[in-house]
Amino acid sequence: MNTKLKCLLLDDELPGLTYLKMLCEQIPEIEIVKTFNNPEKLLAEISDLDFDLLISDIEMPGIDGLHLAEMIQDKLVIFCTAYKNYAADAFNIDAVDYITKPVKLERLQKAISKAYERFNKPEAAKKFIQLNTDRGKTLLYFNQIQYIKTAISDSRDKTVLLTDGSFLNLKNVKFDTLLKELPETDFCRINKKEIVAVKAIKFFNHNEIVLHHLEKNDKNSTLILSETYRSDFLKKVKI
């Protein structure tokens, strides 16, 4: 790695900020531009700062880390927080990674590597795939997918639930073909008949996955997590 990522650190608790800075100083791929213990001070200075990556806490007085990240355009964000319940929100705003405290050097290094990879290949990443549907060809954007399942009418076809709640019927396409095209970190096969987007998940356990999507009866969609795919799924969502 030749180019270092220029990084801002934000945590309203000084001991946590000091510890995070100490860890970051052990990672050669990043250069710490400045540290902040107040999100509003960071925002006040942001136009004058040259940085690529923000490593931020979430729960802070004033502006929380999620809202702050939404205000920062075209910058990479890694969240470090004591709370697990913000993970879905973090990935919905396209965070690079989500680390729960206490932060370990190895885990932080992994997140930095992901940020570095994304930073160096921003244009190379595909955002959609062209597929045949029952209404003609479509450009299926990855960020619009909640899950993909085998169509009831024909097992060769696949039904996609989109983020707007609508369904799309893909004609004659295999799961293996879809998995090769879908971003590996964002999607996971959970049984023989379904692929799920990580950001669509609200809850999960060893046997089932509950989505944010509501069915017509106002109950959340629930999918089966089969034993065959459980290990790979748990690795992918591990935080």
# chains A, B, ... in the order shown; residues from 1 in each chain; ligands from 1
>>> residues_around(residues="Arg135 (chain A)", least_positions_apart="6", cutoff="12 Å", atoms="only C-alpha atoms", output="list of chain:residue names")
A:Leu168, A:Asn169, A:Leu170, A:Lys171
>>> residues_around(residues="Val103 (chain A)", least_positions_apart="4", cutoff="8 Å", atoms="only C-alpha atoms", output="number ranges by chain")
A: 20, 80, 99, 107-108
>>> write_last_selection(atoms="C-alpha atoms", output="tab-separated table (two decimals), in the first residue's frame")
chain	number	residue	atom	x	y	z
A	20	LEU	CA	-8.48	4.82	19.29
A	80	CYS	CA	-16.76	2.37	16.56
A	99	ILE	CA	-16.97	-2.13	15.15
A	107	ARG	CA	-10.47	-5.81	14.07
A	108	LEU	CA	-9.63	-2.17	13.35
>>> residues_around(residues="region 55-67 of chain A", least_positions_apart="5", cutoff="8 Å", atoms="only C-alpha atoms", output="ChimeraX atom specification")
/A:7-12,38-40,77-81,89-90
>>> write_last_selection(atoms="N, CA and C atoms", output="short mmCIF file (atom, residue, chain, number, x, y, z; two decimals), in the first residue's frame")
data_model
loop_
_atom_site.label_atom_id
_atom_site.label_comp_id
_atom_site.auth_asym_id
_atom_site.auth_seq_id
_atom_site.Cartn_x
_atom_site.Cartn_y
_atom_site.Cartn_z
N CYS A 7 -7.10 10.44 7.78
CA CYS A 7 -8.17 10.01 8.68
C CYS A 7 -8.49 11.03 9.77
N LEU A 8 -9.80 11.20 10.05
CA LEU A 8 -10.26 11.96 11.21
C LEU A 8 -10.80 10.99 12.25
N LEU A 9 -10.56 11.28 13.52
CA LEU A 9 -11.08 10.45 14.61
C LEU A 9 -12.05 11.28 15.44
N LEU A 10 -13.20 10.67 15.80
CA LEU A 10 -14.20 11.38 16.59
C LEU A 10 -14.78 10.47 17.66
N ASP A 11 -14.65 10.91 18.90
CA ASP A 11 -15.27 10.22 20.04
C ASP A 11 -15.42 11.24 21.16
N ASP A 12 -16.62 11.38 21.69
CA ASP A 12 -16.85 12.41 22.70
C ASP A 12 -16.20 12.06 24.05
N ASN A 38 -15.83 16.38 19.85
CA ASN A 38 -17.10 17.09 19.72
C ASN A 38 -17.50 17.11 18.25
N PRO A 39 -18.64 16.50 17.89
CA PRO A 39 -19.04 16.43 16.49
C PRO A 39 -19.31 17.80 15.87
N GLU A 40 -19.80 18.74 16.66
CA GLU A 40 -20.09 20.07 16.13
C GLU A 40 -18.81 20.82 15.77
N VAL A 77 -16.59 6.07 5.98
CA VAL A 77 -16.89 6.14 7.42
C VAL A 77 -16.81 4.75 8.03
N ILE A 78 -16.12 4.66 9.16
CA ILE A 78 -16.11 3.46 9.99
C ILE A 78 -16.66 3.86 11.36
N PHE A 79 -17.62 3.11 11.85
CA PHE A 79 -18.18 3.40 13.17
C PHE A 79 -17.56 2.51 14.24
N CYS A 80 -17.23 3.10 15.38
CA CYS A 80 -16.76 2.37 16.56
C CYS A 80 -17.69 2.76 17.71
N THR A 81 -18.47 1.82 18.20
CA THR A 81 -19.47 2.15 19.20
C THR A 81 -19.64 1.01 20.20
N ASP A 89 -28.61 0.52 10.60
CA ASP A 89 -28.63 1.92 10.17
C ASP A 89 -27.28 2.33 9.56
N ALA A 90 -26.22 1.83 10.15
CA ALA A 90 -24.88 2.16 9.65
C ALA A 90 -24.67 1.66 8.23
#
>>> closest_atom_pairs(of="region 5-111 of chain A", to="region 203-224 of chain A", cutoff="12 Å", atoms="only C-alpha atoms", output="CSV")
residue,atom,partner,partner_atom,distance
A:Lys84,CA,A:Phe203,CA,11.3
A:Asn85,CA,A:Phe203,CA,9.6
A:Tyr86,CA,A:Phe203,CA,11.7
A:Ala87,CA,A:Phe203,CA,10.6
A:Ala88,CA,A:Phe203,CA,9.3
A:Asp89,CA,A:His212,CA,11.0
A:Asn92,CA,A:His212,CA,11.5
>>> select_by_dssp(residues="region 128-238 of chain A", states="strand (DSSP E)", output="PyMOL selection string")
chain A and resi 128-133+136-141+145-150+158-162+167-170+187-191+194-197+201-204+208-214+220-224
>>> closest_residue(among="A:Gln144, A:Lys121, A:Leu42, A:Lys158", to="Asp186 (chain A)", atoms="only C-alpha atoms")
A:Gln144
>>> closest_residue(among="A:Glu29, A:Asp48, A:Asp94, A:Asp74", to="Ser113 (chain A)", atoms="only C-alpha atoms")
A:Glu29
>>> residues_around(residues="Lys235 (chain A)", least_positions_apart="3", cutoff="12 Å", atoms="only C-alpha atoms", output="PDB file with N, CA, C and O atoms, in the first residue's frame")
ATOM      1  N   THR A 185     -19.685  -8.683   0.129  1.00  0.00           N
ATOM      2  CA  THR A 185     -19.847  -8.262   1.523  1.00  0.00           C
ATOM      3  C   THR A 185     -21.272  -7.817   1.847  1.00  0.00           C
ATOM      4  O   THR A 185     -21.631  -7.698   3.012  1.00  0.00           O
ATOM      5  N   CYS A 188     -25.788 -12.394   1.061  1.00  0.00           N
ATOM      6  CA  CYS A 188     -25.440 -13.723   1.553  1.00  0.00           C
ATOM      7  C   CYS A 188     -26.569 -14.706   1.257  1.00  0.00           C
ATOM      8  O   CYS A 188     -27.747 -14.381   1.436  1.00  0.00           O
ATOM      9  N   VAL A 198     -27.614  -7.831   3.400  1.00  0.00           N
ATOM     10  CA  VAL A 198     -27.268  -7.645   4.815  1.00  0.00           C
ATOM     11  C   VAL A 198     -27.996  -6.433   5.406  1.00  0.00           C
ATOM     12  O   VAL A 198     -28.484  -6.462   6.528  1.00  0.00           O
ATOM     13  N   TYR A 229     -25.803 -22.979   5.195  1.00  0.00           N
ATOM     14  CA  TYR A 229     -25.278 -21.640   4.921  1.00  0.00           C
ATOM     15  C   TYR A 229     -25.057 -20.813   6.188  1.00  0.00           C
ATOM     16  O   TYR A 229     -24.637 -19.670   6.113  1.00  0.00           O
ATOM     17  N   ARG A 230     -25.332 -21.411   7.341  1.00  0.00           N
ATOM     18  CA  ARG A 230     -25.278 -20.658   8.604  1.00  0.00           C
ATOM     19  C   ARG A 230     -23.880 -20.111   8.912  1.00  0.00           C
ATOM     20  O   ARG A 230     -23.720 -18.936   9.260  1.00  0.00           O
ATOM     21  N   SER A 231     -22.870 -20.939   8.769  1.00  0.00           N
ATOM     22  CA  SER A 231     -21.511 -20.525   9.117  1.00  0.00           C
ATOM     23  C   SER A 231     -21.050 -19.338   8.280  1.00  0.00           C
ATOM     24  O   SER A 231     -20.511 -18.357   8.815  1.00  0.00           O
ATOM     25  N   ASP A 232     -21.291 -19.407   6.975  1.00  0.00           N
ATOM     26  CA  ASP A 232     -20.886 -18.309   6.088  1.00  0.00           C
ATOM     27  C   ASP A 232     -21.646 -17.035   6.422  1.00  0.00           C
ATOM     28  O   ASP A 232     -21.079 -15.941   6.434  1.00  0.00           O
ATOM     29  N   LYS A 238     -20.694 -10.816  11.307  1.00  0.00           N
ATOM     30  CA  LYS A 238     -19.979 -10.679  12.575  1.00  0.00           C
ATOM     31  C   LYS A 238     -19.439  -9.284  12.730  1.00  0.00           C
ATOM     32  O   LYS A 238     -18.851  -8.724  11.828  1.00  0.00           O
ATOM     33  N   ILE A 239     -19.644  -8.715  13.905  1.00  0.00           N
ATOM     34  CA  ILE A 239     -19.169  -7.354  14.157  1.00  0.00           C
ATOM     35  C   ILE A 239     -18.386  -7.304  15.452  1.00  0.00           C
ATOM     36  O   ILE A 239     -18.390  -8.248  16.217  1.00  0.00           O
TER      37      ILE A 239
END
>>> closest_residue(among="A:Asp97, A:Asp176, A:Asp164, A:Glu31", to="Asp52 (chain A)", atoms="only C-alpha atoms")
A:Glu31
>>> atom_distance(atom1="CA of Glu184 (chain A)", atom2="CA of Asn143 (chain A)")
12.9 Å
>>> select_by_dssp(residues="region 21-65 of chain A", states="alpha helix (DSSP H)", output="PyMOL selection string")
chain A and resi 21-24+39-45+65
>>> closest_residue(among="A:Leu53, A:Ala95, A:Tyr19, A:Glu106", to="Glu70 (chain A)", atoms="only C-alpha atoms")
A:Ala95
>>> residues_around(residues="Phe187 (chain A)", least_positions_apart="2", cutoff="10 Å", atoms="only C-alpha atoms", output="compact mmCIF listing (two decimals) with all heavy atoms, in the first residue's frame")
# COMPACT_ATOMS: atom_id res chain seq x y z
N PHE A 142 -27.92 -2.91 -7.07
CA PHE A 142 -27.68 -3.70 -5.87
C PHE A 142 -28.29 -3.07 -4.62
O PHE A 142 -28.81 -3.77 -3.75
CB PHE A 142 -26.17 -3.90 -5.66
CG PHE A 142 -25.48 -4.56 -6.83
CD1 PHE A 142 -24.21 -4.15 -7.22
CD2 PHE A 142 -26.08 -5.58 -7.53
CE1 PHE A 142 -23.56 -4.74 -8.29
CE2 PHE A 142 -25.45 -6.19 -8.60
CZ PHE A 142 -24.19 -5.77 -8.99
N ILE A 145 -32.01 -3.97 -3.67
CA ILE A 145 -32.41 -5.35 -3.38
C ILE A 145 -32.54 -5.60 -1.88
O ILE A 145 -31.63 -5.25 -1.12
CB ILE A 145 -31.39 -6.34 -3.96
CG1 ILE A 145 -31.24 -6.15 -5.47
CG2 ILE A 145 -31.78 -7.78 -3.64
CD1 ILE A 145 -30.07 -6.92 -6.06
N GLN A 146 -33.66 -6.20 -1.46
CA GLN A 146 -33.79 -6.64 -0.07
C GLN A 146 -33.54 -8.15 0.04
O GLN A 146 -32.80 -8.59 0.89
CB GLN A 146 -35.17 -6.29 0.48
CG GLN A 146 -35.41 -4.79 0.59
CD GLN A 146 -36.47 -4.46 1.61
OE1 GLN A 146 -36.38 -4.82 2.78
NE2 GLN A 146 -37.50 -3.76 1.18
N TYR A 147 -34.19 -8.92 -0.83
CA TYR A 147 -33.85 -10.34 -0.92
C TYR A 147 -34.25 -10.89 -2.28
O TYR A 147 -35.03 -10.28 -3.02
CB TYR A 147 -34.45 -11.16 0.23
CG TYR A 147 -35.95 -11.39 0.18
CD1 TYR A 147 -36.52 -12.29 -0.73
CD2 TYR A 147 -36.80 -10.76 1.06
CE1 TYR A 147 -37.89 -12.52 -0.78
CE2 TYR A 147 -38.17 -10.98 1.04
CZ TYR A 147 -38.70 -11.86 0.11
OH TYR A 147 -40.05 -12.07 0.08
N ILE A 148 -33.69 -12.04 -2.60
CA ILE A 148 -34.00 -12.73 -3.84
C ILE A 148 -34.39 -14.17 -3.48
O ILE A 148 -33.68 -14.81 -2.71
CB ILE A 148 -32.78 -12.75 -4.79
CG1 ILE A 148 -32.28 -11.32 -5.05
CG2 ILE A 148 -33.14 -13.43 -6.11
CD1 ILE A 148 -30.96 -11.27 -5.79
N LEU A 179 -24.86 -14.61 -7.42
CA LEU A 179 -23.86 -14.45 -6.36
C LEU A 179 -22.52 -13.99 -6.90
O LEU A 179 -21.76 -13.29 -6.22
CB LEU A 179 -23.70 -15.75 -5.58
CG LEU A 179 -24.87 -16.11 -4.66
CD1 LEU A 179 -24.75 -17.53 -4.15
CD2 LEU A 179 -24.96 -15.13 -3.49
N LEU A 182 -23.28 -10.10 -7.44
CA LEU A 182 -23.62 -9.29 -6.28
C LEU A 182 -22.38 -9.01 -5.42
O LEU A 182 -21.51 -9.88 -5.29
CB LEU A 182 -24.66 -10.02 -5.42
CG LEU A 182 -26.04 -10.22 -6.05
CD1 LEU A 182 -26.87 -11.17 -5.20
CD2 LEU A 182 -26.75 -8.89 -6.22
N PRO A 183 -22.27 -7.80 -4.83
CA PRO A 183 -21.15 -7.50 -3.93
C PRO A 183 -21.10 -8.50 -2.78
O PRO A 183 -22.07 -8.65 -2.04
CB PRO A 183 -21.47 -6.09 -3.43
CG PRO A 183 -22.37 -5.50 -4.47
CD PRO A 183 -23.18 -6.65 -5.00
N GLU A 184 -19.98 -9.18 -2.63
CA GLU A 184 -19.87 -10.29 -1.69
C GLU A 184 -20.13 -9.88 -0.25
O GLU A 184 -20.73 -10.63 0.53
CB GLU A 184 -18.48 -10.93 -1.80
CG GLU A 184 -18.30 -12.17 -0.95
CD GLU A 184 -16.92 -12.77 -1.09
OE1 GLU A 184 -16.11 -12.25 -1.89
OE2 GLU A 184 -16.64 -13.77 -0.41
N THR A 185 -19.69 -8.68 0.13
CA THR A 185 -19.85 -8.26 1.52
C THR A 185 -21.27 -7.82 1.85
O THR A 185 -21.63 -7.70 3.01
CB THR A 185 -18.89 -7.10 1.85
OG1 THR A 185 -19.14 -6.03 0.93
CG2 THR A 185 -17.44 -7.54 1.73
N ARG A 189 -26.20 -15.89 0.79
CA ARG A 189 -27.19 -16.94 0.61
C ARG A 189 -27.51 -17.54 1.98
O ARG A 189 -26.61 -17.81 2.77
CB ARG A 189 -26.66 -18.02 -0.33
CG ARG A 189 -27.74 -18.99 -0.77
CD ARG A 189 -27.31 -19.80 -1.96
NE ARG A 189 -28.39 -20.65 -2.44
CZ ARG A 189 -28.31 -21.44 -3.51
NH1 ARG A 189 -27.18 -21.47 -4.20
NH2 ARG A 189 -29.33 -22.17 -3.89
N ILE A 190 -28.79 -17.72 2.26
CA ILE A 190 -29.17 -18.18 3.60
C ILE A 190 -29.85 -19.55 3.57
O ILE A 190 -29.99 -20.19 4.61
CB ILE A 190 -30.08 -17.16 4.31
CG1 ILE A 190 -31.33 -16.89 3.47
CG2 ILE A 190 -29.31 -15.88 4.59
CD1 ILE A 190 -32.38 -16.06 4.20
N ILE A 195 -31.48 -15.51 -1.16
CA ILE A 195 -30.32 -14.66 -0.91
C ILE A 195 -30.85 -13.40 -0.23
O ILE A 195 -31.89 -12.87 -0.63
CB ILE A 195 -29.61 -14.26 -2.23
CG1 ILE A 195 -29.01 -15.48 -2.93
CG2 ILE A 195 -28.53 -13.22 -1.97
CD1 ILE A 195 -28.50 -15.18 -4.33
N VAL A 196 -30.15 -12.91 0.77
CA VAL A 196 -30.62 -11.72 1.49
C VAL A 196 -29.55 -10.63 1.47
O VAL A 196 -28.35 -10.91 1.49
CB VAL A 196 -31.01 -12.07 2.94
CG1 VAL A 196 -29.79 -12.45 3.76
CG2 VAL A 196 -31.76 -10.91 3.61
N ALA A 197 -30.01 -9.38 1.40
CA ALA A 197 -29.11 -8.23 1.53
C ALA A 197 -28.86 -7.99 3.01
O ALA A 197 -29.81 -7.94 3.81
CB ALA A 197 -29.72 -6.99 0.89
N VAL A 198 -27.61 -7.83 3.40
CA VAL A 198 -27.27 -7.65 4.82
C VAL A 198 -28.00 -6.43 5.41
O VAL A 198 -28.48 -6.46 6.53
CB VAL A 198 -25.74 -7.50 4.98
CG1 VAL A 198 -25.38 -7.16 6.42
CG2 VAL A 198 -25.03 -8.78 4.54
N LYS A 199 -28.11 -5.37 4.62
CA LYS A 199 -28.72 -4.14 5.14
C LYS A 199 -30.23 -4.29 5.37
O LYS A 199 -30.84 -3.46 6.05
CB LYS A 199 -28.47 -2.97 4.19
CG LYS A 199 -29.22 -3.03 2.88
CD LYS A 199 -28.98 -1.77 2.07
CE LYS A 199 -29.82 -1.77 0.80
NZ LYS A 199 -29.60 -0.54 0.01
N ALA A 200 -30.84 -5.34 4.80
CA ALA A 200 -32.28 -5.54 4.96
C ALA A 200 -32.63 -6.25 6.26
O ALA A 200 -33.80 -6.35 6.62
CB ALA A 200 -32.82 -6.35 3.77
N PHE A 233 -22.94 -17.17 6.72
CA PHE A 233 -23.75 -16.01 7.07
C PHE A 233 -23.25 -15.35 8.35
O PHE A 233 -23.09 -14.12 8.41
CB PHE A 233 -25.21 -16.42 7.23
CG PHE A 233 -26.08 -15.33 7.80
CD1 PHE A 233 -26.55 -14.31 6.99
CD2 PHE A 233 -26.42 -15.31 9.15
CE1 PHE A 233 -27.33 -13.29 7.51
CE2 PHE A 233 -27.21 -14.30 9.68
CZ PHE A 233 -27.66 -13.29 8.85
N LYS A 236 -20.20 -13.34 7.89
CA LYS A 236 -20.42 -12.11 7.13
C LYS A 236 -21.01 -11.00 7.98
O LYS A 236 -20.72 -9.83 7.76
CB LYS A 236 -21.33 -12.42 5.93
CG LYS A 236 -21.39 -11.33 4.90
CD LYS A 236 -21.81 -11.85 3.54
CE LYS A 236 -20.76 -12.74 2.94
NZ LYS A 236 -21.07 -13.13 1.54
N VAL A 237 -21.86 -11.36 8.93
CA VAL A 237 -22.50 -10.34 9.76
C VAL A 237 -21.79 -10.14 11.09
O VAL A 237 -22.24 -9.35 11.92
CB VAL A 237 -23.98 -10.67 10.02
CG1 VAL A 237 -24.75 -10.75 8.71
CG2 VAL A 237 -24.13 -11.98 10.79
